[in-house]
file query_13.cif (mmCIF, C-alpha atoms)
data_work
#
loop_
_atom_site.label_atom_id
_atom_site.label_comp_id
_atom_site.auth_asym_id
_atom_site.auth_seq_id
_atom_site.Cartn_x
_atom_site.Cartn_y
_atom_site.Cartn_z
CA MET A 854 -46.28 137.98 77.09
CA ASN A 855 -43.84 136.06 79.31
CA LYS A 856 -44.83 132.88 81.09
CA ASP A 857 -45.33 134.54 84.49
CA GLY A 858 -47.61 137.12 82.91
CA THR A 859 -49.68 134.38 81.33
CA VAL A 860 -50.05 132.59 84.65
CA GLN A 861 -51.00 135.85 86.37
CA GLN A 862 -53.66 136.53 83.78
CA ARG A 863 -55.07 133.03 84.17
CA LEU A 864 -55.16 133.38 87.94
CA ASP A 865 -56.95 136.71 87.74
CA ASN A 866 -59.58 135.23 85.45
CA TYR A 867 -59.94 132.11 87.60
CA LYS A 868 -60.43 134.16 90.76
CA ASN A 869 -62.95 136.51 89.14
CA GLU A 870 -65.04 133.60 87.86
CA LEU A 871 -64.93 131.86 91.24
CA ASN A 872 -66.01 135.03 93.05
CA THR A 873 -69.01 135.25 90.73
CA GLU A 874 -69.84 131.58 91.18
CA LEU A 875 -69.58 131.82 94.97
CA GLY A 876 -72.22 134.54 94.95
CA ASN A 877 -74.41 132.45 92.63
CA ILE A 878 -74.27 129.39 94.90
CA PHE A 879 -75.10 131.33 98.04
CA GLY A 880 -77.88 133.15 96.22
CA TYR A 881 -79.42 129.78 95.39
CA TRP A 882 -79.32 128.56 98.99
CA ILE A 883 -80.67 131.82 100.39
CA ASN A 884 -83.52 131.99 97.87
CA ASN A 885 -84.54 128.32 97.71
CA THR A 886 -83.74 126.39 100.87
CA ILE A 887 -84.96 128.36 103.91
CA ASP A 888 -87.87 126.66 105.67
CA ASN A 889 -89.90 129.53 107.09
CA ILE A 890 -92.65 127.21 108.36
CA ASN A 891 -90.80 124.53 110.31
CA GLY A 892 -87.47 126.26 110.89
CA GLY A 893 -83.99 125.79 109.55
CA PHE A 894 -83.72 124.59 105.96
CA TYR A 895 -85.66 122.19 103.77
CA GLY A 896 -84.48 118.60 103.97
CA LYS A 897 -84.75 117.84 100.27
CA ILE A 898 -85.11 119.76 97.00
CA ASP A 899 -85.16 117.91 93.69
CA ASN A 900 -83.29 118.71 90.52
CA ASP A 901 -86.13 120.95 89.29
CA ASN A 902 -86.10 122.99 92.52
CA HIS A 903 -89.26 121.38 93.93
CA VAL A 904 -89.27 121.10 97.72
CA ILE A 905 -90.11 117.54 98.80
CA PRO A 906 -92.50 117.99 101.76
CA GLY A 907 -91.89 116.04 104.95
CA SER A 908 -88.29 115.17 104.11
CA PRO A 909 -85.90 114.43 106.98
CA LYS A 910 -83.34 117.10 107.83
CA GLY A 911 -79.79 115.82 108.00
CA SER A 912 -77.07 116.72 110.46
CA VAL A 913 -74.50 116.78 107.68
CA LEU A 914 -76.58 119.12 105.52
CA ASN A 915 -77.10 121.58 108.37
CA ALA A 916 -73.46 121.44 109.50
CA ARG A 917 -72.27 122.04 105.97
CA ILE A 918 -74.62 125.01 105.61
CA LEU A 919 -73.22 126.38 108.86
CA TRP A 920 -69.63 125.89 107.73
CA SER A 921 -70.19 127.30 104.24
CA PHE A 922 -71.94 130.50 105.26
CA SER A 923 -69.56 131.05 108.19
CA SER A 924 -66.56 130.58 105.91
CA ALA A 925 -68.01 132.90 103.29
CA TYR A 926 -68.60 135.56 105.94
CA ASN A 927 -65.01 135.14 107.13
CA LEU A 928 -63.86 135.70 103.53
CA THR A 929 -66.17 138.51 102.46
CA GLY A 930 -67.61 140.16 105.58
CA GLU A 931 -71.06 139.95 103.97
CA LYS A 932 -73.54 140.26 106.85
CA GLU A 933 -76.29 138.24 105.15
CA TYR A 934 -73.99 135.23 105.13
CA LEU A 935 -73.54 135.53 108.89
CA GLU A 936 -77.31 135.74 109.35
CA ILE A 937 -77.79 132.46 107.45
CA ALA A 938 -74.95 130.87 109.41
CA SER A 939 -76.63 131.92 112.65
CA ARG A 940 -79.89 130.35 111.47
CA ALA A 941 -78.07 127.08 110.83
CA TYR A 942 -76.30 127.27 114.19
CA GLN A 943 -79.57 127.80 116.04
CA TYR A 944 -81.21 124.85 114.28
CA ILE A 945 -78.28 122.57 115.07
CA THR A 946 -78.19 123.51 118.74
CA ASP A 947 -81.99 123.34 119.11
CA HIS A 948 -82.63 120.08 117.25
CA ILE A 949 -79.56 118.15 116.08
CA ILE A 950 -77.15 118.09 119.02
CA ASP A 951 -78.14 115.31 121.42
CA LYS A 952 -78.46 116.98 124.81
CA THR A 953 -78.77 113.64 126.65
CA TYR A 954 -75.93 111.49 125.29
CA GLY A 955 -73.89 114.01 123.32
CA GLY A 956 -72.96 114.00 119.68
CA VAL A 957 -75.44 114.66 116.88
CA TYR A 958 -78.40 112.77 115.49
CA TRP A 959 -78.03 111.57 111.92
CA THR A 960 -81.43 113.02 111.01
CA VAL A 961 -84.40 114.77 112.52
CA ASP A 962 -87.84 114.86 110.92
CA HIS A 963 -89.19 117.89 109.07
CA LEU A 964 -90.54 119.25 112.37
CA GLY A 965 -87.17 118.94 114.10
CA ASN A 966 -87.90 115.83 116.18
CA LYS A 967 -85.15 113.22 116.43
CA LEU A 968 -85.49 110.55 113.74
CA ASP A 969 -82.38 108.49 113.01
CA THR A 970 -80.49 108.68 116.31
CA LYS A 971 -77.46 106.68 115.16
CA LYS A 972 -74.17 108.34 116.11
CA GLN A 973 -72.05 108.51 112.97
CA VAL A 974 -68.59 109.84 113.84
CA TYR A 975 -68.59 111.45 110.40
CA ALA A 976 -71.58 113.64 111.36
CA SER A 977 -70.06 114.73 114.67
CA ALA A 978 -66.89 115.63 112.77
CA PHE A 979 -68.82 117.97 110.50
CA ALA A 980 -70.46 119.59 113.51
CA ILE A 981 -67.00 120.26 114.98
CA TYR A 982 -65.80 121.60 111.61
CA ALA A 983 -68.79 123.93 111.30
CA LEU A 984 -68.81 125.16 114.90
CA SER A 985 -65.11 125.97 114.67
CA GLU A 986 -65.75 128.09 111.59
CA TYR A 987 -68.74 129.80 113.19
CA TYR A 988 -66.59 130.60 116.21
CA ARG A 989 -64.07 132.26 113.87
CA ALA A 990 -66.94 134.41 112.59
CA THR A 991 -68.54 135.29 115.94
CA LYS A 992 -65.83 134.82 118.62
CA LYS A 993 -68.55 133.50 120.95
CA GLU A 994 -66.92 131.32 123.61
CA SER A 995 -70.06 129.20 123.98
CA VAL A 996 -69.69 128.12 120.35
CA LEU A 997 -66.05 127.13 120.85
CA ASN A 998 -67.02 125.21 123.98
CA GLU A 999 -69.59 123.22 122.00
CA ALA A 1000 -66.97 122.30 119.41
CA VAL A 1001 -64.49 121.28 122.11
CA ASP A 1002 -67.11 119.19 123.91
CA LEU A 1003 -67.89 117.30 120.70
CA TYR A 1004 -64.19 116.72 120.06
CA ARG A 1005 -63.59 115.37 123.56
CA LEU A 1006 -66.62 113.11 123.26
CA LEU A 1007 -65.31 111.63 120.00
CA VAL A 1008 -61.95 110.89 121.57
CA GLU A 1009 -63.65 109.31 124.59
CA LYS A 1010 -66.20 107.21 122.69
CA SER A 1011 -64.71 106.51 119.28
CA PHE A 1012 -60.91 106.65 119.38
CA ASP A 1013 -59.24 103.22 119.37
CA GLN A 1014 -56.77 103.48 122.24
CA ASP A 1015 -55.16 100.17 121.26
CA LYS A 1016 -54.76 100.30 117.48
CA THR A 1017 -55.42 104.04 116.91
CA GLY A 1018 -57.97 105.38 114.48
CA TYR A 1019 -61.68 106.00 114.96
CA PHE A 1020 -64.54 103.53 114.96
CA GLU A 1021 -67.26 104.40 112.53
CA ALA A 1022 -70.63 104.47 114.32
CA PHE A 1023 -72.58 103.78 117.50
CA THR A 1024 -76.11 103.65 118.85
CA GLU A 1025 -77.79 106.75 120.26
CA ASP A 1026 -76.14 106.17 123.65
CA TRP A 1027 -72.73 105.32 122.15
CA GLN A 1028 -72.98 101.53 122.34
CA PRO A 1029 -71.64 99.17 119.61
CA ILE A 1030 -73.87 98.88 116.54
CA ASN A 1031 -74.05 96.29 113.76
CA ASP A 1032 -74.72 98.58 110.80
CA LEU A 1033 -71.81 101.02 110.67
CA ARG A 1034 -72.40 102.36 107.17
CA LEU A 1035 -72.78 106.00 106.23
CA SER A 1036 -74.86 105.01 103.21
CA ALA A 1037 -76.10 101.88 101.49
CA LYS A 1038 -73.22 101.90 99.01
CA ASP A 1039 -70.53 101.77 101.71
CA ALA A 1040 -68.86 98.65 103.06
CA ASN A 1041 -69.91 97.76 106.60
CA GLU A 1042 -66.45 98.11 108.17
CA LYS A 1043 -65.23 99.56 111.47
CA LYS A 1044 -62.68 102.05 110.12
CA THR A 1045 -63.10 104.05 106.92
CA MET A 1046 -60.94 106.50 105.07
CA ASN A 1047 -63.84 108.89 104.49
CA THR A 1048 -64.65 109.33 108.17
CA HIS A 1049 -60.99 109.65 109.15
CA LEU A 1050 -60.43 112.30 106.49
CA HIS A 1051 -63.27 114.43 107.83
CA VAL A 1052 -62.33 113.89 111.46
CA LEU A 1053 -58.89 115.19 110.50
CA GLU A 1054 -60.45 118.12 108.64
CA ALA A 1055 -62.60 118.95 111.67
CA TYR A 1056 -59.73 118.71 114.13
CA THR A 1057 -57.57 120.88 111.89
CA ASN A 1058 -60.21 123.60 111.80
CA LEU A 1059 -60.65 123.36 115.57
CA TYR A 1060 -56.88 123.64 116.07
CA ARG A 1061 -56.87 126.91 114.12
CA VAL A 1062 -58.93 128.49 116.90
CA TRP A 1063 -57.97 126.27 119.84
CA PRO A 1064 -54.30 125.10 119.63
CA ASP A 1065 -54.53 122.44 122.32
CA LYS A 1066 -51.64 119.99 122.87
CA ALA A 1067 -53.85 116.89 123.05
CA LEU A 1068 -55.64 117.97 119.88
CA TRP A 1069 -52.24 118.43 118.20
CA SER A 1070 -51.38 114.83 119.13
CA GLN A 1071 -54.66 113.56 117.69
CA ILE A 1072 -53.98 115.34 114.38
CA VAL A 1073 -50.49 113.84 114.22
CA GLU A 1074 -51.92 110.37 114.91
CA LEU A 1075 -54.49 110.81 112.16
CA LEU A 1076 -51.84 111.92 109.67
CA TYR A 1077 -49.83 108.79 110.40
CA ASN A 1078 -53.00 106.71 109.96
CA PHE A 1079 -53.08 108.07 106.43
CA SER A 1080 -49.42 107.56 105.61
CA ASP A 1081 -49.31 104.11 107.25
CA HIS A 1082 -52.68 102.68 106.19
CA PHE A 1083 -54.91 104.71 103.93
CA ILE A 1084 -52.45 105.81 101.23
CA ASP A 1085 -51.38 102.89 99.06
CA ALA A 1086 -47.68 103.40 98.37
CA LYS A 1087 -47.82 101.17 95.28
CA THR A 1088 -50.74 102.80 93.50
CA GLY A 1089 -50.91 106.33 94.92
CA HIS A 1090 -54.64 105.82 95.57
CA LEU A 1091 -56.35 105.67 98.96
CA ASN A 1092 -57.56 102.47 100.57
CA LEU A 1093 -61.12 103.06 101.73
CA PHE A 1094 -62.18 100.35 104.21
CA PHE A 1095 -60.45 98.52 107.06
CA ASP A 1096 -61.35 96.29 109.98
CA GLU A 1097 -60.49 97.26 113.55
CA ASN A 1098 -56.97 95.80 113.19
CA TRP A 1099 -56.14 97.83 110.07
CA ASN A 1100 -56.58 94.91 107.69
CA LYS A 1101 -57.60 96.25 104.29
CA ARG A 1102 -61.14 95.26 103.32
CA SER A 1103 -61.58 96.84 99.90
CA THR A 1104 -59.76 97.60 96.65
CA LEU A 1105 -62.22 100.28 95.52
CA VAL A 1106 -60.73 103.53 94.14
CA SER A 1107 -62.51 106.84 94.72
CA TYR A 1108 -60.91 109.51 92.54
CA GLY A 1109 -62.61 112.39 94.34
CA HIS A 1110 -61.42 111.22 97.75
CA ASP A 1111 -57.91 110.77 96.39
CA ILE A 1112 -57.52 114.35 95.24
CA GLU A 1113 -59.42 115.72 98.24
CA ALA A 1114 -57.04 113.96 100.62
CA ALA A 1115 -54.02 115.23 98.68
CA TRP A 1116 -54.65 118.80 99.82
CA LEU A 1117 -56.45 118.24 103.15
CA LEU A 1118 -53.62 116.16 104.59
CA LEU A 1119 -51.02 118.79 103.75
CA ASP A 1120 -53.29 121.51 105.12
CA ALA A 1121 -53.46 119.67 108.45
CA ALA A 1122 -49.66 119.29 108.62
CA GLU A 1123 -49.21 122.99 107.85
CA VAL A 1124 -51.77 124.12 110.43
CA ILE A 1125 -50.02 122.21 113.24
CA GLY A 1126 -46.64 123.41 111.91
CA ASP A 1127 -44.84 120.05 111.90
CA LYS A 1128 -41.97 120.41 109.40
CA LYS A 1129 -41.38 116.67 109.04
CA LEU A 1130 -45.04 116.00 108.30
CA ILE A 1131 -45.25 119.00 105.95
CA ALA A 1132 -42.41 117.56 103.88
CA LYS A 1133 -43.96 114.08 103.96
CA PHE A 1134 -47.39 115.24 102.82
CA LYS A 1135 -46.05 117.54 100.14
CA GLU A 1136 -44.40 114.50 98.62
CA LEU A 1137 -47.52 112.39 99.05
CA ALA A 1138 -49.71 115.12 97.54
CA VAL A 1139 -47.66 114.90 94.36
CA THR A 1140 -47.82 111.10 94.39
CA ILE A 1141 -51.60 111.13 94.74
CA SER A 1142 -52.00 113.90 92.15
CA ASP A 1143 -50.04 111.84 89.66
CA ALA A 1144 -52.21 108.76 90.26
CA THR A 1145 -55.61 110.47 90.23
CA PRO A 1146 -55.73 111.38 86.50
CA GLU A 1147 -56.30 107.68 85.80
CA GLY A 1148 -59.94 108.62 86.46
CA LEU A 1149 -59.93 111.60 84.13
CA ASP A 1150 -62.09 111.47 80.99
CA ALA A 1151 -61.27 113.22 77.73
CA ASP A 1152 -63.78 116.00 78.49
CA GLY A 1153 -61.89 117.03 81.63
CA GLY A 1154 -64.31 115.42 84.10
CA PHE A 1155 -63.51 112.77 86.70
CA TRP A 1156 -65.35 109.49 86.77
CA TYR A 1157 -66.74 108.53 90.16
CA GLU A 1158 -65.20 105.20 91.22
CA PHE A 1159 -63.26 102.23 89.89
CA GLU A 1160 -63.27 98.66 91.22
CA PRO A 1161 -60.06 97.02 89.94
CA ALA A 1162 -61.05 93.56 91.17
CA GLU A 1163 -63.93 93.59 88.66
CA ASN A 1164 -62.41 96.09 86.23
CA HIS A 1165 -65.59 98.11 86.75
CA LEU A 1166 -65.70 101.88 86.23
CA VAL A 1167 -68.71 103.78 87.59
CA LYS A 1168 -69.42 105.96 84.59
CA GLU A 1169 -70.85 108.93 86.42
CA LYS A 1170 -69.24 112.29 87.02
CA HIS A 1171 -70.51 113.62 90.34
CA TRP A 1172 -70.22 117.28 91.27
CA TRP A 1173 -67.94 116.96 94.26
CA PRO A 1174 -64.88 115.18 92.74
CA GLN A 1175 -64.67 118.00 90.20
CA ALA A 1176 -64.69 120.59 92.99
CA GLU A 1177 -62.00 118.72 94.91
CA ALA A 1178 -59.87 118.40 91.78
CA MET A 1179 -59.94 122.18 91.42
CA ILE A 1180 -58.31 122.58 94.84
CA GLY A 1181 -56.17 119.45 94.84
CA PHE A 1182 -54.36 120.11 91.60
CA PHE A 1183 -53.96 123.80 92.42
CA ASN A 1184 -52.32 122.74 95.67
CA THR A 1185 -49.91 120.49 93.78
CA TRP A 1186 -49.05 123.34 91.42
CA GLN A 1187 -48.21 125.43 94.48
CA ILE A 1188 -45.93 122.64 95.76
CA THR A 1189 -44.13 121.93 92.48
CA GLY A 1190 -44.47 125.00 90.29
CA ASP A 1191 -45.31 122.63 87.42
CA GLU A 1192 -48.02 124.28 85.33
CA LYS A 1193 -49.52 120.94 84.27
CA TYR A 1194 -51.21 120.84 87.68
CA LEU A 1195 -52.54 124.39 87.30
CA ASP A 1196 -53.86 123.30 83.89
CA LEU A 1197 -55.66 120.35 85.52
CA SER A 1198 -57.22 122.61 88.14
CA ILE A 1199 -58.51 125.12 85.60
CA SER A 1200 -59.63 122.30 83.31
CA SER A 1201 -61.73 120.84 86.13
CA TRP A 1202 -63.39 124.23 86.55
CA GLY A 1203 -63.96 124.33 82.80
CA PHE A 1204 -65.75 120.98 82.99
CA VAL A 1205 -67.90 122.26 85.85
CA LYS A 1206 -68.86 125.34 83.87
CA ASP A 1207 -69.69 123.27 80.80
CA LYS A 1208 -71.49 120.29 82.34
CA ILE A 1209 -72.17 120.64 86.08
CA LEU A 1210 -73.56 124.16 86.54
CA ASP A 1211 -77.34 124.20 86.27
CA LYS A 1212 -77.71 127.31 84.15
CA LYS A 1213 -81.51 127.17 84.30
CA ASN A 1214 -82.35 126.39 87.93
CA GLY A 1215 -79.13 127.34 89.69
CA GLU A 1216 -76.55 125.51 91.84
CA TRP A 1217 -74.70 122.44 90.52
CA PHE A 1218 -76.20 119.24 89.18
CA TRP A 1219 -75.52 116.13 91.24
CA GLY A 1220 -73.60 114.91 88.21
CA ILE A 1221 -73.78 113.76 84.62
CA ASP A 1222 -74.08 110.25 83.24
CA GLU A 1223 -71.83 108.51 80.74
CA HIS A 1224 -73.75 110.18 77.89
CA GLY A 1225 -73.06 113.66 79.25
CA GLN A 1226 -76.61 114.25 80.48
CA PRO A 1227 -77.63 115.38 83.98
CA MET A 1228 -78.27 112.41 86.27
CA GLN A 1229 -81.97 111.97 86.93
CA GLY A 1230 -83.66 111.47 90.29
CA GLU A 1231 -80.90 113.13 92.31
CA ASP A 1232 -81.09 116.02 94.76
CA LYS A 1233 -80.23 119.64 94.30
CA ALA A 1234 -80.25 119.88 98.09
CA GLY A 1235 -80.48 116.97 100.51
CA LEU A 1236 -78.75 114.71 103.01
CA TRP A 1237 -75.60 114.67 100.85
CA LYS A 1238 -76.10 117.51 98.37
CA CYS A 1239 -74.95 120.53 100.34
CA PRO A 1240 -73.17 123.88 99.81
CA TYR A 1241 -69.82 122.49 100.86
CA HIS A 1242 -67.59 121.03 98.16
CA ASN A 1243 -68.44 123.73 95.63
CA THR A 1244 -68.32 126.72 97.99
CA ARG A 1245 -65.17 125.36 99.60
CA ALA A 1246 -63.50 125.08 96.20
CA CYS A 1247 -64.35 128.71 95.47
CA ILE A 1248 -63.33 129.99 98.92
CA GLU A 1249 -60.13 127.94 99.10
CA LEU A 1250 -58.97 128.93 95.63
CA ILE A 1251 -59.83 132.61 96.02
CA THR A 1252 -57.85 132.63 99.26
CA ARG A 1253 -54.89 130.80 97.72
CA ILE A 1254 -54.81 133.03 94.64
CA ASN A 1255 -54.95 136.14 96.84
CA LYS A 1256 -52.00 134.87 98.89
CA HIS A 1257 -50.05 133.95 95.76
CA GLN A 1258 -50.64 137.37 94.22
CA SER A 1259 -49.72 139.19 97.46
CA LYS A 1260 -46.26 137.62 97.29
CA LYS A 1261 -45.59 138.98 93.81
#
call {"tool": "encode", "arguments": {"input": "query_13.cif", "output": "structure tokens"}}
result
Amino acid sequence: MNKDGTVQQRLDNYKNELNTELGNIFGYWINNTIDNINGGFYGKIDNDNHVIPGSPKGSVLNARILWSFSSAYNLTGEKEYLEIASRAYQYITDHIIDKTYGGVYWTVDHLGNKLDTKKQVYASAFAIYALSEYYRATKKESVLNEAVDLYRLLVEKSFDQDKTGYFEAFTEDWQPINDLRLSAKDANEKKTMNTHLHVLEAYTNLYRVWPDKALWSQIVELLYNFSDHFIDAKTGHLNLFFDENWNKRSTLVSYGHDIEAAWLLLDAAEVIGDKKLIAKFKELAVTISDATPEGLDADGGFWYEFEPAENHLVKEKHWWPQAEAMIGFFNTWQITGDEKYLDLSISSWGFVKDKILDKKNGEWFWGIDEHGQPMQGEDKAGLWKCPYHNTRACIELITRINKHQSKK
């Protein structure tokens, strides 16, 4: 069999397995996470599929459910997916969007009452991302208007008109706040790569359905934030934390964010159709993809983080970097035609199948430890464990393989 035939066969197999896995993931969320008593979805389910009563319900979890089921409906036309998306949309609009000050609460309690009212820009970005996708599914103008309102509010309240970029967090009524962190492990800094990446992702998805000139300019600005500040030209890794003046405040390396950015940045440039930026971010995608395998273990899995200042490697392999590697390396194969990147993508999926899929209880484990065992005490569903990275990997790759095969 010639080389092209071998690639075609591998792509067919890859797509078939991802289609199956996509159905498995959504089956888990439909069967295990719907809260029929208090509305919406459970706030926390442990690794053994036990619902933790009284758990807070996160804005990010609900937005990611909305995005995932909307995106799956847009791919498959499966009506049940749209029904679940509509459930998530209703919960977000009823409980999570702040009708007084705008934006979204970080959490509500299990009854839907506001709990942590801090305004994380990251959370508003995911609401924009999800609402844009739900609008693609429903074509309801009211949904698009909600996404646009959230976007305009972020620009008004969070965009740094002087130095560019977005400030990280605010109080409920959008005043300055001392604790800016998304989570306890994050540095308490005013500008972070993670939030900027997902603001860009949200704006890109909004631009797909609402190609506004001011939004286009914001996307361009964000892309230059990445090329000028976040991407380290010397190492090919991403710098994660900055102060308000774009002074670097960390040397930490996050392998999952590296490879996630490699494809999301190019996707943004392609959606706005800027040829100069497309060329720039194709080149940078290759640079990042060549640096990221520093975090690759012999079993095909990516370690979580590395702190070069202390020569400290976090010897955990979380679910989401593996999912992002599947897309990121596939994207680089599409750019270069070099099959080593396709090999890395398929190898990441092989690691997921071997170590990350929970073959007993369903969905994906949070991760495995340095001994290859599932990490204990982590969520199967929760504030951070959502149907997003894994469903997006499946949806994105199925779509890309379909497009590749249609050109043959």
call {"tool": "atom_distance", "arguments": {"input": "query_13.cif", "atom1": "atom CA of Leu1250 of chain A", "atom2": "atom CA of Phe1183 of chain A"}}
result
7.9 Å
call {"tool": "resolve_selection", "arguments": {"input": "query_13.cif", "expression": "the PyMOL selection byres ((chain A and resi 1203) around 12)", "output": "MDAnalysis selection string"}}
result
chainID A and resid 867 870:871 1152:1154 1175:1176 1178:1179 1196:1202 1204:1210
call {"tool": "resolve_selection", "arguments": {"input": "query_13.cif", "expression": "the PyMOL selection byres ((chain A and resi 1237) around 10)", "output": "list in words"}}
result
Lys897, Gly911, Ser912, Val913, Leu914, Arg917, Ser1036, Trp1219, Asp1232, Lys1233, Ala1234, Gly1235, Leu1236, Lys1238, Cys1239, Pro1240 and Tyr1241 of chain A
call {"tool": "residues_around", "arguments": {"input": "query_13.cif", "residues": "segment 939-956 of chain A", "least_positions_apart": "5", "cutoff": "7 Å", "atoms": "all atoms listed in the file", "output": "list in words"}}
result
Gly893, Ser912, Asn915, Ile918, Leu919, Val961, Gly965, Asn966, Lys972, Ser977, Leu1003 and Asp1026 of chain A
call {"tool": "residues_near_point", "arguments": {"input": "query_13.cif", "point": "(-61.8, 135.8, 111.6)", "cutoff": "8 Å", "atoms": "all atoms listed in the file", "output": "list in words"}}
result
Asn927, Arg989 and Ala990 of chain A
call {"tool": "residues_near_point", "arguments": {"input": "query_13.cif", "point": "(-53.4, 109.3, 93.7)", "cutoff": "7 Å", "atoms": "all atoms listed in the file", "output": "list of chain:residue names"}}
result
A:Gly1089, A:His1090, A:Asp1111, A:Ile1112, A:Thr1140, A:Ile1141, A:Ser1142, A:Asp1143, A:Ala1144, A:Thr1145
call {"tool": "atom_distance", "arguments": {"input": "query_13.cif", "atom1": "atom CA of Ser1107 of chain A", "atom2": "atom CA of Glu1158 of chain A"}}
result
4.7 Å
call {"tool": "residues_around", "arguments": {"input": "query_13.cif", "residues": "Trp1027 of chain A", "least_positions_apart": "4", "cutoff": "12 Å", "atoms": "all atoms listed in the file", "output": "list in words"}}
result
Asp951, Thr953, Tyr954, Gly955, Gly956, Val957, Tyr958, Thr970, Lys971, Lys972, Gln973, Val974, Leu1006, Leu1007, Glu1009, Lys1010, Ser1011, Phe1020, Glu1021, Ala1022 and Phe1023 of chain A
call {"tool": "resolve_selection", "arguments": {"input": "query_13.cif", "expression": "the PyMOL selection byres ((chain A and resi 1094) around 9)", "output": "number ranges by chain"}}
result
A: 1039-1047, 1083, 1092-1093, 1095-1096, 1099-1105
call {"tool": "closest_residue", "arguments": {"input": "query_13.cif", "among": "A:Leu1137, A:Ile1254, A:Ile890, A:Ala980", "to": "Ala1086 of chain A", "atoms": "only C-alpha atoms"}}
result
A:Leu1137
call {"tool": "closest_residue", "arguments": {"input": "query_13.cif", "among": "A:Glu1136, A:Asp1032, A:Glu1163, A:Phe1012", "to": "Glu1097 of chain A", "atoms": "all atoms listed in the file"}}
result
A:Phe1012
call {"tool": "atom_distance", "arguments": {"input": "query_13.cif", "atom1": "atom CA of Glu1054 of chain A", "atom2": "atom CA of Ile1072 of chain A"}}
result
9.1 Å
call {"tool": "axis_aligned_box", "arguments": {"input": "query_13.cif", "around": "segment 933-949 of chain A", "padding_each_side": "3 Å", "output": "lines of an AutoDock Vina configuration file"}}
result
center_x = -78.1
center_y = 128.2
center_z = 112.1
size_x = 15.1
size_y = 26.1
size_z = 20.0
call {"tool": "closest_residue", "arguments": {"input": "query_13.cif", "among": "A:His963, A:Lys1135, A:His1165, A:Lys1170", "to": "Asp1150 of chain A", "atoms": "all atoms listed in the file"}}
result
A:Lys1170
call {"tool": "closest_residue", "arguments": {"input": "query_13.cif", "among": "A:Ala1000, A:Leu1033, A:Leu1068, A:Ala1151", "to": "Gly1225 of chain A", "atoms": "all atoms listed in the file"}}
result
A:Ala1151
call {"tool": "closest_residue", "arguments": {"input": "query_13.cif", "among": "A:Ile1221, A:Ala1055, A:Ala925, A:Leu964", "to": "Ala976 of chain A", "atoms": "only C-alpha atoms"}}
result
A:Ala1055
call {"tool": "residues_around", "arguments": {"input": "query_13.cif", "residues": "segment 878-886 of chain A", "least_positions_apart": "6", "cutoff": "8 Å", "atoms": "all atoms listed in the file", "output": "list in words"}}
result
Phe894, Tyr895, Ile898, Asn902, Phe922, Ile937, Gly1215, Glu1216, Ala1234, Pro1240 and Thr1244 of chain A
call {"tool": "write_last_selection", "arguments": {"input": "query_13.cif", "atoms": "C-alpha atoms", "output": "CSV table (one decimal), in the frame of the given file"}}
result
chain,number,residue,atom,x,y,z
A,894,PHE,CA,-83.7,124.6,106.0
A,895,TYR,CA,-85.7,122.2,103.8
A,898,ILE,CA,-85.1,119.8,97.0
A,902,ASN,CA,-86.1,123.0,92.5
A,922,PHE,CA,-71.9,130.5,105.3
A,937,ILE,CA,-77.8,132.5,107.4
A,1215,GLY,CA,-79.1,127.3,89.7
A,1216,GLU,CA,-76.6,125.5,91.8
A,1234,ALA,CA,-80.2,119.9,98.1
A,1240,PRO,CA,-73.2,123.9,99.8
A,1244,THR,CA,-68.3,126.7,98.0
